[in-house]
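Quick look at my_file26.cif (mmCIF, C-alpha atoms (C1' of nucleotides)):
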```
data_input
loop_
_atom_site.label_atom_id
_atom_site.label_comp_id
_atom_site.auth_asym_id
_atom_site.auth_seq_id
_atom_site.Cartn_x
_atom_site.Cartn_y
_atom_site.Cartn_z
CA MET A 1 -29.50 81.22 -5.35
CA ARG A 2 -29.10 78.49 -7.86
CA ILE A 3 -25.89 76.64 -8.42
CA ASP A 4 -25.99 74.16 -11.17
CA ARG A 5 -23.01 72.87 -12.99
CA GLU A 6 -24.41 69.52 -13.86
CA GLN A 7 -22.78 69.39 -17.21
CA ALA A 8 -19.59 68.98 -15.25
CA THR A 9 -20.24 65.32 -14.68
CA GLN A 10 -23.30 64.77 -16.75
CA VAL A 11 -23.08 61.67 -18.81
CA THR A 12 -22.95 62.63 -22.45
CA MET A 13 -26.60 62.55 -23.45
CA PRO A 14 -28.28 61.43 -26.68
CA ALA A 15 -27.95 64.76 -28.53
CA LYS A 16 -30.96 65.69 -30.55
CA GLU A 17 -30.57 66.14 -34.29
CA HIS A 18 -29.93 69.65 -35.51
CA ARG A 19 -29.96 71.15 -38.94
CA ARG A 20 -26.71 71.65 -40.76
CA THR A 21 -26.21 75.32 -41.51
CA ARG A 22 -23.37 77.45 -42.75
CA GLN A 23 -23.17 79.17 -39.37
CA ARG A 24 -22.86 76.01 -37.35
CA ALA A 25 -20.28 74.66 -39.72
CA ALA A 26 -18.29 77.86 -39.31
CA VAL A 27 -18.42 77.67 -35.52
CA ASP A 28 -17.50 74.01 -35.65
CA GLU A 29 -14.55 74.74 -37.85
CA VAL A 30 -13.14 77.33 -35.50
CA LEU A 31 -13.60 75.00 -32.56
CA ASP A 32 -11.77 72.30 -34.44
CA GLU A 33 -8.85 74.55 -35.13
CA THR A 34 -8.68 75.97 -31.66
CA ASP A 35 -6.94 73.97 -28.99
CA ASP A 36 -7.57 76.37 -26.17
CA PHE A 37 -10.68 77.71 -24.54
CA ILE A 38 -12.28 80.54 -26.41
CA SER A 39 -15.07 82.90 -25.42
CA ALA A 40 -18.20 83.46 -27.46
CA GLN A 41 -17.08 87.01 -28.08
CA GLU A 42 -13.68 85.93 -29.32
CA LEU A 43 -15.20 83.29 -31.53
CA HIS A 44 -17.58 85.83 -32.97
CA ALA A 45 -14.76 88.30 -33.68
CA LEU A 46 -12.72 85.55 -35.27
CA LEU A 47 -15.53 84.54 -37.60
CA ARG A 48 -16.15 88.12 -38.57
CA ALA A 49 -12.44 88.60 -39.23
CA ARG A 50 -12.26 85.66 -41.59
CA GLY A 51 -15.25 86.88 -43.52
CA ALA A 52 -17.62 84.16 -42.40
CA GLY A 53 -19.77 86.61 -40.49
CA VAL A 54 -22.14 84.97 -38.04
CA GLY A 55 -24.45 86.89 -35.74
CA LEU A 56 -23.38 87.17 -32.16
CA ALA A 57 -26.66 85.78 -30.90
CA THR A 58 -26.20 82.82 -33.20
CA VAL A 59 -22.74 82.17 -31.86
CA TYR A 60 -24.12 82.14 -28.35
CA ARG A 61 -27.00 79.88 -29.31
CA THR A 62 -24.77 77.50 -31.17
CA LEU A 63 -22.31 77.19 -28.32
CA GLN A 64 -25.16 76.76 -25.91
CA THR A 65 -26.52 73.94 -27.98
CA LEU A 66 -23.16 72.27 -28.35
CA ALA A 67 -22.65 72.50 -24.61
CA ASP A 68 -26.07 71.04 -23.93
CA ASP A 69 -25.24 68.16 -26.20
CA GLY A 70 -21.96 67.67 -24.38
CA ARG A 71 -19.95 68.39 -27.49
CA VAL A 72 -17.99 71.25 -25.97
CA ASP A 73 -16.68 71.96 -22.51
CA VAL A 74 -17.70 75.12 -20.76
CA LEU A 75 -15.67 76.88 -18.14
CA ARG A 76 -16.06 80.23 -16.48
CA SER A 77 -13.09 82.51 -16.42
CA ASP A 78 -12.70 84.49 -13.26
CA ALA A 79 -14.15 87.46 -15.06
CA GLY A 80 -17.34 85.48 -15.24
CA GLU A 81 -17.05 85.07 -18.97
CA ALA A 82 -17.97 81.66 -20.32
CA VAL A 83 -15.26 80.00 -22.39
CA TYR A 84 -15.75 77.02 -24.68
CA ARG A 85 -13.63 74.27 -26.11
CA ARG A 86 -14.34 71.17 -28.15
CA CYS A 87 -13.88 68.31 -25.81
CA VAL A 88 -11.57 65.55 -26.81
CA ARG A 89 -12.55 62.90 -24.35
CA GLU A 90 -16.08 61.69 -24.31
CA GLU A 91 -16.10 60.75 -20.66
CA HIS A 92 -16.07 63.09 -17.77
CA HIS A 93 -12.76 64.84 -17.32
CA HIS A 94 -11.02 67.90 -15.95
CA HIS A 95 -8.63 70.53 -17.22
CA LEU A 96 -5.17 71.75 -16.54
CA VAL A 97 -5.20 75.26 -17.92
CA CYS A 98 -2.31 77.66 -18.42
CA ARG A 99 -3.12 80.88 -16.66
CA SER A 100 -1.22 82.97 -19.12
CA CYS A 101 -1.77 81.45 -22.57
CA GLY A 102 -4.77 79.22 -22.01
CA ALA A 103 -3.05 76.05 -23.24
CA THR A 104 -5.09 73.17 -21.95
CA VAL A 105 -4.52 69.56 -21.06
CA GLU A 106 -7.48 67.31 -20.46
CA ILE A 107 -7.19 65.13 -17.43
CA ALA A 108 -9.07 62.06 -16.35
CA GLY A 109 -8.93 61.53 -12.62
CA PRO A 110 -10.64 58.43 -11.33
CA THR A 111 -9.05 59.11 -7.97
CA VAL A 112 -10.81 62.39 -7.61
CA GLU A 113 -14.08 61.05 -8.90
CA ARG A 114 -14.09 58.44 -6.20
CA TRP A 115 -13.04 60.89 -3.55
CA ALA A 116 -15.77 63.36 -4.46
CA LYS A 117 -18.34 60.63 -4.42
CA SER A 118 -17.29 59.36 -1.04
CA VAL A 119 -17.19 62.80 0.52
CA ALA A 120 -20.68 63.50 -0.75
CA ASP A 121 -21.97 60.16 0.50
CA GLN A 122 -20.46 60.85 3.84
CA HIS A 123 -22.60 63.95 4.19
CA GLY A 124 -25.70 62.37 2.74
CA TYR A 125 -25.60 64.36 -0.46
CA THR A 126 -27.09 62.64 -3.48
CA ASP A 127 -27.19 63.25 -7.20
CA VAL A 128 -23.62 64.42 -7.01
CA SER A 129 -21.56 66.22 -9.61
CA HIS A 130 -18.45 68.34 -9.39
CA THR A 131 -16.20 70.84 -11.09
CA LEU A 132 -12.47 70.72 -10.88
CA GLU A 133 -10.02 72.80 -12.81
CA ILE A 134 -6.32 73.15 -12.25
CA PHE A 135 -4.60 76.38 -13.17
CA GLY A 136 -0.91 76.95 -13.55
CA THR A 137 1.80 78.25 -15.81
CA CYS A 138 2.69 75.97 -18.69
CA PRO A 139 6.33 75.13 -19.44
CA ARG A 140 6.37 77.33 -22.51
CA CYS A 141 5.11 80.42 -20.67
CA ALA A 142 7.35 79.71 -17.72
CA ALA A 143 10.34 79.68 -20.05
CA ALA A 144 9.39 82.96 -21.68
CA MET B 1 -8.29 85.15 -22.50
CA ARG B 2 -7.37 85.30 -18.88
CA ILE B 3 -8.24 82.64 -16.40
CA ASP B 4 -7.25 83.42 -12.91
CA ARG B 5 -8.71 81.85 -9.88
CA GLU B 6 -5.69 82.12 -7.71
CA GLN B 7 -7.65 82.91 -4.61
CA ALA B 8 -8.78 79.34 -4.84
CA THR B 9 -5.58 78.10 -3.33
CA GLN B 10 -3.92 81.33 -2.36
CA VAL B 11 -2.46 81.22 1.08
CA THR B 12 -4.40 83.56 3.33
CA MET B 13 -2.44 86.78 3.08
CA PRO B 14 -1.64 89.45 5.69
CA ALA B 15 -4.84 91.50 5.38
CA LYS B 16 -4.29 95.21 5.47
CA GLU B 17 -6.03 97.32 8.09
CA HIS B 18 -9.34 98.84 7.12
CA ARG B 19 -11.53 101.43 8.81
CA ARG B 20 -14.45 100.23 10.82
CA THR B 21 -17.66 101.62 9.38
CA ARG B 22 -21.35 101.02 9.90
CA GLN B 23 -21.60 99.58 6.41
CA ARG B 24 -18.84 97.05 6.82
CA ALA B 25 -20.23 96.01 10.18
CA ALA B 26 -23.63 95.47 8.58
CA VAL B 27 -22.19 93.32 5.83
CA ASP B 28 -20.16 91.37 8.36
CA GLU B 29 -23.24 90.76 10.46
CA VAL B 30 -25.19 89.33 7.57
CA LEU B 31 -22.29 87.11 6.61
CA ASP B 32 -22.08 85.88 10.17
CA GLU B 33 -25.74 84.98 10.22
CA THR B 34 -25.73 83.37 6.82
CA ASP B 35 -24.51 79.83 6.52
CA ASP B 36 -24.93 79.54 2.80
CA PHE B 37 -23.47 81.35 -0.13
CA ILE B 38 -25.12 84.65 -0.89
CA SER B 39 -24.77 86.97 -3.85
CA ALA B 40 -23.90 90.63 -3.57
CA GLN B 41 -27.35 91.49 -4.86
CA GLU B 42 -29.06 89.32 -2.28
CA LEU B 43 -26.92 90.73 0.46
CA HIS B 44 -27.75 94.23 -0.65
CA ALA B 45 -31.48 93.51 -0.75
CA LEU B 46 -31.28 91.92 2.68
CA LEU B 47 -29.58 94.93 4.18
CA ARG B 48 -32.08 97.26 2.63
CA ALA B 49 -34.93 95.12 3.92
CA ARG B 50 -33.70 95.28 7.47
CA GLY B 51 -33.36 99.02 7.32
CA ALA B 52 -29.57 99.11 7.38
CA GLY B 53 -29.39 100.48 3.87
CA VAL B 54 -25.96 100.18 2.30
CA GLY B 55 -25.18 101.24 -1.24
CA LEU B 56 -24.88 98.49 -3.79
CA ALA B 57 -21.45 99.64 -4.89
CA THR B 58 -20.36 99.55 -1.28
CA VAL B 59 -21.58 96.01 -0.86
CA TYR B 60 -19.59 94.98 -3.89
CA ARG B 61 -16.50 96.81 -2.70
CA THR B 62 -16.76 95.38 0.77
CA LEU B 63 -17.13 91.82 -0.44
CA GLN B 64 -14.28 92.35 -2.85
CA THR B 65 -12.09 93.52 -0.01
CA LEU B 66 -13.07 90.65 2.23
CA ALA B 67 -12.35 88.21 -0.55
CA ASP B 68 -8.96 89.78 -1.21
CA ASP B 69 -8.14 89.41 2.44
CA GLY B 70 -9.23 85.81 2.34
CA ARG B 71 -12.00 86.39 4.82
CA VAL B 72 -14.77 85.13 2.59
CA ASP B 73 -14.98 82.44 -0.04
CA VAL B 74 -16.06 83.33 -3.53
CA LEU B 75 -17.74 80.97 -5.92
CA ARG B 76 -19.40 81.52 -9.24
CA SER B 77 -22.86 80.14 -9.71
CA ASP B 78 -23.54 78.74 -13.12
CA ALA B 79 -25.37 81.94 -13.96
CA GLY B 80 -22.00 83.61 -13.63
CA GLU B 81 -23.06 85.45 -10.53
CA ALA B 82 -20.47 85.65 -7.78
CA VAL B 83 -21.60 84.28 -4.44
CA TYR B 84 -19.89 84.85 -1.12
CA ARG B 85 -19.67 83.14 2.21
CA ARG B 86 -17.64 83.70 5.35
CA CYS B 87 -15.10 80.96 5.40
CA VAL B 88 -14.80 78.84 8.44
CA ARG B 89 -11.50 77.18 7.81
CA GLU B 90 -8.44 79.29 7.42
CA GLU B 91 -6.59 76.87 5.20
CA HIS B 92 -7.37 76.00 1.65
CA HIS B 93 -10.53 73.98 1.29
CA HIS B 94 -13.37 73.04 -1.00
CA HIS B 95 -17.15 72.99 -0.84
CA LEU B 96 -19.95 70.53 -1.00
CA VAL B 97 -22.90 72.63 -2.03
CA CYS B 98 -26.58 71.71 -2.18
CA ARG B 99 -27.85 72.44 -5.62
CA SER B 100 -31.30 73.28 -4.44
CA CYS B 101 -30.96 75.13 -1.12
CA GLY B 102 -27.31 76.15 -1.16
CA ALA B 103 -26.47 74.46 2.15
CA THR B 104 -22.72 74.13 2.25
CA VAL B 105 -20.18 71.87 3.87
CA GLU B 106 -16.54 72.85 3.84
CA ILE B 107 -14.19 70.08 2.90
CA ALA B 108 -10.46 69.68 3.33
CA GLY B 109 -9.02 67.24 0.86
CA PRO B 110 -5.31 66.60 1.16
CA THR B 111 -5.75 63.73 -1.27
CA VAL B 112 -6.94 66.01 -3.98
CA GLU B 113 -4.35 68.64 -3.27
CA ARG B 114 -1.62 66.10 -3.78
CA TRP B 115 -3.23 64.70 -6.86
CA ALA B 116 -3.61 68.11 -8.47
CA LYS B 117 -0.03 68.94 -7.70
CA SER B 118 1.29 65.74 -9.20
CA VAL B 119 -0.80 66.02 -12.33
CA ALA B 120 0.48 69.54 -12.88
CA ASP B 121 4.06 68.50 -12.26
CA GLN B 122 3.66 65.71 -14.70
CA HIS B 123 2.83 68.20 -17.44
CA GLY B 124 5.44 70.71 -16.41
CA TYR B 125 2.96 73.25 -15.13
CA THR B 126 4.20 75.45 -12.33
CA ASP B 127 2.69 77.94 -9.91
CA VAL B 128 -0.30 75.68 -9.61
CA SER B 129 -3.69 76.37 -8.07
CA HIS B 130 -7.06 74.77 -8.49
CA THR B 131 -10.78 75.04 -7.98
CA LEU B 132 -12.92 72.18 -6.91
CA GLU B 133 -16.54 72.28 -5.91
CA ILE B 134 -18.90 69.40 -5.40
CA PHE B 135 -22.59 69.88 -6.06
CA GLY B 136 -25.40 67.61 -4.99
CA THR B 137 -28.73 67.43 -3.24
CA CYS B 138 -28.52 67.63 0.54
CA PRO B 139 -30.40 65.11 2.71
CA ARG B 140 -32.98 67.69 3.72
CA CYS B 141 -33.83 68.66 0.16
CA ALA B 142 -33.79 65.05 -0.96
CA ALA B 143 -36.35 64.21 1.70
CA ALA B 144 -38.64 67.07 0.70
"C1'" DT C 1 -12.69 118.15 22.00
"C1'" DG C 2 -12.00 120.14 17.48
"C1'" DC C 3 -9.41 119.80 13.22
"C1'" DC C 4 -7.49 117.68 9.14
"C1'" DG C 5 -5.91 114.45 5.76
"C1'" DT C 6 -7.70 110.05 4.12
"C1'" DT C 7 -10.65 106.60 3.43
"C1'" DT C 8 -15.22 105.30 2.45
"C1'" DT C 9 -19.65 105.94 0.82
"C1'" DG C 10 -23.60 106.35 -2.35
"C1'" DA C 11 -26.21 107.75 -6.25
"C1'" DC C 12 -25.81 107.26 -10.88
"C1'" DA C 13 -23.73 106.46 -15.23
"C1'" DA C 14 -21.30 103.33 -17.92
"C1'" DT C 15 -19.65 98.62 -19.23
"C1'" DG C 16 -19.99 94.38 -21.16
"C1'" DG C 17 -21.44 89.68 -21.49
"C1'" DT C 18 -25.57 87.31 -22.44
"C1'" DT C 19 -30.40 86.64 -23.62
"C1'" DG C 20 -34.97 87.96 -25.71
"C1'" DT C 21 -37.52 89.43 -29.82
"C1'" DC C 22 -39.36 88.90 -34.22
"C1'" DA C 23 -39.52 89.18 -39.07
"C1'" DC C 24 -37.00 86.92 -42.56
"C1'" DT C 25 -34.31 82.91 -44.55
"C1'" DC C 26 -32.80 78.35 -45.17
"C1'" DT C 27 -32.99 73.20 -44.39
"C1'" DT C 28 -35.44 69.18 -44.60
"C1'" DG C 29 -38.79 65.75 -45.45
"C1'" DA C 30 -42.66 64.70 -48.28
"C1'" DT D 1 -40.87 71.59 -55.83
"C1'" DC D 2 -43.18 73.02 -51.59
"C1'" DA D 3 -44.69 73.89 -47.09
"C1'" DA D 4 -43.53 73.67 -42.16
"C1'" DG D 5 -40.77 74.88 -38.97
"C1'" DA D 6 -35.89 75.29 -37.31
"C1'" DG D 7 -32.39 78.69 -37.54
"C1'" DT D 8 -30.62 83.41 -38.25
"C1'" DG D 9 -29.44 88.32 -37.46
"C1'" DA D 10 -29.91 93.05 -36.07
"C1'" DC D 11 -31.04 95.24 -32.19
"C1'" DA D 12 -33.12 96.04 -27.86
"C1'" DA D 13 -33.31 94.58 -23.25
"C1'" DC D 14 -31.20 92.54 -19.05
"C1'" DC D 15 -28.50 92.58 -15.29
"C1'" DA D 16 -24.36 91.89 -12.59
"C1'" DT D 17 -20.52 94.53 -11.84
"C1'" DT D 18 -17.42 98.55 -12.03
"C1'" DG D 19 -16.15 103.53 -12.55
"C1'" DT D 20 -16.92 108.31 -11.03
"C1'" DC D 21 -16.78 111.98 -7.96
"C1'" DA D 22 -18.56 115.01 -4.56
"C1'" DA D 23 -20.07 114.54 0.13
"C1'" DA D 24 -19.68 112.16 4.61
"C1'" DA D 25 -17.33 109.44 8.07
"C1'" DC D 26 -13.01 107.87 10.51
"C1'" DG D 27 -8.93 108.12 13.25
"C1'" DG D 28 -5.06 110.25 14.81
"C1'" DC D 29 -3.32 114.36 16.64
"C1'" DA D 30 -2.93 118.80 18.86
#
```
Representation of the structure as structure tokens:
Amino acid sequence: MRIDREQATQVTMPAKEHRRTRQRAAVDEVLDETDDFISAQELHALLRARGAGVGLATVYRTLQTLADDGRVDVLRSDAGEAVYRRCVREEHHHHLVCRSCGATVEIAGPTVERWAKSVADQHGYTDVSHTLEIFGTCPRCAAA
Amino acid sequence: MRIDREQATQVTMPAKEHRRTRQRAAVDEVLDETDDFISAQELHALLRARGAGVGLATVYRTLQTLADDGRVDVLRSDAGEAVYRRCVREEHHHHLVCRSCGATVEIAGPTVERWAKSVADQHGYTDVSHTLEIFGTCPRCAAA
DNA sequence: TGCCGTTTTGACAATGGTTGTCACTCTTGA
DNA sequence: TCAAGAGTGACAACCATTGTCAAAACGGCA
């Protein structure tokens, strides 16, 4: 087995230069307009719908690259599908996600960071990182 | 999109009665012997290796059932593969997982529970649940 | 103990997200 | 402008997981 969610706490790294292409711009644009997490498949469908067709493989590659560069957050829905979102904060943070509509609030939790660190230390674990996501029903969905 | 990791905090529910079969016993046995998270595929291969062949679909169904009953913990490795482990604690808890060997420590963190709850409240989110996993390198692997 | 309605199983097909391939195209620096 | 090489896209390949359905196993009951 191999569990590896380093990007969860990874410090935003340098970010190699990449070429500017129509496809990347298109993906970027959608990410900019989208406040909630979106899957590669959805993003691909969206691009196709608005005429700016981009290959599915390219969408995946682009998102992968963005994620590697720490420019988007990656989460896994329970279905195992990876969902992406442009991250607002540069530092490490967590999410409060609406279970029904996907509306997301980014959260910074120094408390938790410290707690996680101390728990890990306590058990002798080093090179520590963590994932933490909170799910719930947002006010808007609760009202509906 | 649909994000739904309720089982993360779901209170351990009743657990309907199920028939006792050779296959379920075999899966149970492996889970009992295994301290770390194991994937359905690995579990299936293991069973086959030790002669107690159990169909792959059955392994998946059995694990699914156990998870529904709150008898095993489910996590998703970064590869998106679901990994299972008999849970020791009955109450809600988190994991400190070794990135390299998978060794796991179960953690109870009332601090975090409270924090998550308050953050959610603060943003008007209701029906809250959360996932939190800590990854690191265990002392044994660090020494190696 | 034998019988019967149900649950469970297993082999296999089907799904669906994601990645690999590879010839072709576009961006970039000189 | 040009060449080198990064980036693209159509499609095949992967692979974990789920659906299907007839056959087998269970448990309760007579």
For D:DA16: contacts at 9 Å, all atoms listed in the file, fewer than 2 positions along chain excluded, given as a ChimeraX atom specification: /B:41,80-82
Once the PyMOL selection byres ((chain C) within 9 of (chain A)) is applied to the coordinates I shared, what remains selected? I want it as a list in words. DG17, DT18, DT19, DC26, DT27 and DT28 of chain C
Check: which chain D residues lie within 9 Å of chain B using all atoms listed in the file, as a PyMOL selection string: chain D and resi 16-18+25-27
Identify all residues satisfying the PyMOL selection byres ((chain B and resi 44-55) around 12) in the given file; provide them as a ChimeraX atom specification. /B:21-31,33-34,38-43,56-63 /C:8-12
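Note that atom CA of B:Pro139 and atom CA of A:Glu133 are 26.7 Å apart.
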Within 12 Å of C:DA23, counting all atoms listed in the file, which residues qualify if same-chain residues fewer than 4 places away don't, as a ChimeraX atom specification? /D:8-10
Could you write out the selected residues, including C-alpha atoms (C1' of nucleotides), as a tab-separated table (two decimals), in the frame of the given file?
```
chain	number	residue	atom	x	y	z
D	8	DT	C1'	-30.62	83.41	-38.25
D	9	DG	C1'	-29.44	88.32	-37.46
D	10	DA	C1'	-29.91	93.05	-36.07
```
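Candidate residues A:His130, A:Ala108, A:Gln122, A:Asp36 were compared for distance to chain B, and the nearest is A:His130, using all atoms listed in the file.
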Using the incomplete input, complete stretch 131-141 of chain B to the level of all heavy atoms; output as a short mmCIF file (atom, residue, chain, number, x, y, z; two decimals), in the frame of the given file.
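Final output, saved to result30.cif:
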```cif
data_model
loop_
_atom_site.label_atom_id
_atom_site.label_comp_id
_atom_site.auth_asym_id
_atom_site.auth_seq_id
_atom_site.Cartn_x
_atom_site.Cartn_y
_atom_site.Cartn_z
N THR B 131 -9.44 74.83 -8.51
CA THR B 131 -10.78 75.04 -7.98
C THR B 131 -11.47 73.71 -8.01
O THR B 131 -11.37 72.99 -8.99
CB THR B 131 -11.66 75.93 -8.88
OG1 THR B 131 -10.90 76.36 -9.98
CG2 THR B 131 -12.26 77.05 -8.10
N LEU B 132 -12.19 73.42 -6.97
CA LEU B 132 -12.92 72.18 -6.91
C LEU B 132 -14.17 72.38 -6.07
O LEU B 132 -14.08 72.79 -4.92
CB LEU B 132 -12.05 71.09 -6.28
CG LEU B 132 -12.78 69.82 -5.83
CD1 LEU B 132 -13.53 69.19 -6.98
CD2 LEU B 132 -11.81 68.82 -5.24
N GLU B 133 -15.30 72.15 -6.66
CA GLU B 133 -16.54 72.28 -5.91
C GLU B 133 -17.38 71.05 -6.23
O GLU B 133 -17.39 70.56 -7.35
CB GLU B 133 -17.33 73.53 -6.34
CG GLU B 133 -16.51 74.82 -6.38
CD GLU B 133 -15.92 75.21 -5.04
OE1 GLU B 133 -16.42 74.73 -3.99
OE2 GLU B 133 -14.93 75.96 -5.03
N ILE B 134 -18.04 70.56 -5.19
CA ILE B 134 -18.90 69.40 -5.40
C ILE B 134 -20.34 69.86 -5.23
O ILE B 134 -20.65 70.56 -4.27
CB ILE B 134 -18.60 68.29 -4.37
CG1 ILE B 134 -17.11 67.99 -4.37
CG2 ILE B 134 -19.40 67.05 -4.70
CD1 ILE B 134 -16.71 66.92 -3.37
N PHE B 135 -21.19 69.49 -6.16
CA PHE B 135 -22.59 69.88 -6.06
C PHE B 135 -23.44 68.63 -5.90
O PHE B 135 -23.10 67.56 -6.43
CB PHE B 135 -23.03 70.63 -7.32
CG PHE B 135 -22.25 71.89 -7.53
CD1 PHE B 135 -21.15 71.93 -8.36
CD2 PHE B 135 -22.62 73.04 -6.84
CE1 PHE B 135 -20.41 73.10 -8.53
CE2 PHE B 135 -21.89 74.22 -7.00
CZ PHE B 135 -20.79 74.25 -7.84
N GLY B 136 -24.53 68.75 -5.18
CA GLY B 136 -25.40 67.61 -4.99
C GLY B 136 -26.67 68.06 -4.31
O GLY B 136 -26.90 69.26 -4.15
N THR B 137 -27.49 67.10 -3.93
CA THR B 137 -28.73 67.43 -3.24
C THR B 137 -28.56 67.01 -1.79
O THR B 137 -28.25 65.85 -1.52
CB THR B 137 -29.91 66.67 -3.87
OG1 THR B 137 -29.93 66.95 -5.27
CG2 THR B 137 -31.22 67.11 -3.24
N CYS B 138 -28.73 67.94 -0.86
CA CYS B 138 -28.52 67.63 0.54
C CYS B 138 -29.66 66.75 1.06
O CYS B 138 -30.73 66.71 0.47
CB CYS B 138 -28.41 68.90 1.37
SG CYS B 138 -29.95 69.76 1.63
N PRO B 139 -29.42 66.05 2.15
CA PRO B 139 -30.40 65.11 2.71
C PRO B 139 -31.76 65.77 2.91
O PRO B 139 -32.80 65.20 2.62
CB PRO B 139 -29.78 64.72 4.05
CG PRO B 139 -28.33 64.94 3.88
CD PRO B 139 -28.20 66.11 2.96
N ARG B 140 -31.73 66.99 3.42
CA ARG B 140 -32.98 67.69 3.72
C ARG B 140 -33.80 67.92 2.44
O ARG B 140 -35.01 67.70 2.41
CB ARG B 140 -32.65 69.04 4.38
CG ARG B 140 -33.80 69.64 5.12
CD ARG B 140 -33.39 70.07 6.53
NE ARG B 140 -32.42 71.16 6.48
CZ ARG B 140 -32.79 72.45 6.49
NH1 ARG B 140 -34.06 72.77 6.57
NH2 ARG B 140 -31.89 73.40 6.45
N CYS B 141 -33.12 68.38 1.40
CA CYS B 141 -33.83 68.66 0.16
C CYS B 141 -34.27 67.35 -0.52
O CYS B 141 -35.30 67.32 -1.19
CB CYS B 141 -32.96 69.46 -0.80
SG CYS B 141 -32.79 71.18 -0.28
#
```
